[in-house]
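Chemist: Here it is: the structure, laid out below.
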Amino acid sequence: MSATTEAAKADDLPPLKQENLIYMDLSHGRVKIQLLPELAPGHVERIKKLMDEGFYTDITFHRVIRNFM
């Protein structure tokens, strides 16, 4: 499977661990994100640190462009 041509399937992900699961509460609902420390340990560590520091509170992540994403 090529990451550039196909989305990852749930079967391709490592087993879910609660410590690697984060939630983002957005105006349209809650998003559940599975972090993958096996693939990107530094990235996961940094995201968790920034979350603990409150960095992501009230921050705009991305704009929504109709019919684009």
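Chain labels follow the order of the structure tokens: the first chain is A, the next B, and so on; residue numbering restarts at 1 in every chain, and ligands are counted from 1 in their shown order.
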Using only C-alpha atoms, which residues sit within 7 Å of Lys32 of chain A once same-chain residues fewer than 5 positions away are excluded, as a ChimeraX atom specification?

Modeler: /A:22-24

Chemist: Name all residues at most 10 Å from segment 47-60 of chain A (count only C-alpha atoms; drop same-chain ones fewer than 3 positions away) and give them as an MDAnalysis selection string.

Modeler: chainID A and resid 19:20 22 24:26 35 42:44 63

Chemist: By how many Å are atom CA of His62 of chain A and atom CA of Ser27 of chain A apart?

Modeler: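 Answer for the atom CA of His62 of chain A to atom CA of Ser27 of chain A separation: 12.8 Å.
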
Chemist: What does the distance from atom CA of Phe68 of chain A to atom CA of Ile33 of chain A come to in Å, to one decimal?

Modeler: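 Answer for the atom CA of Phe68 of chain A to atom CA of Ile33 of chain A separation: 21.6 Å.
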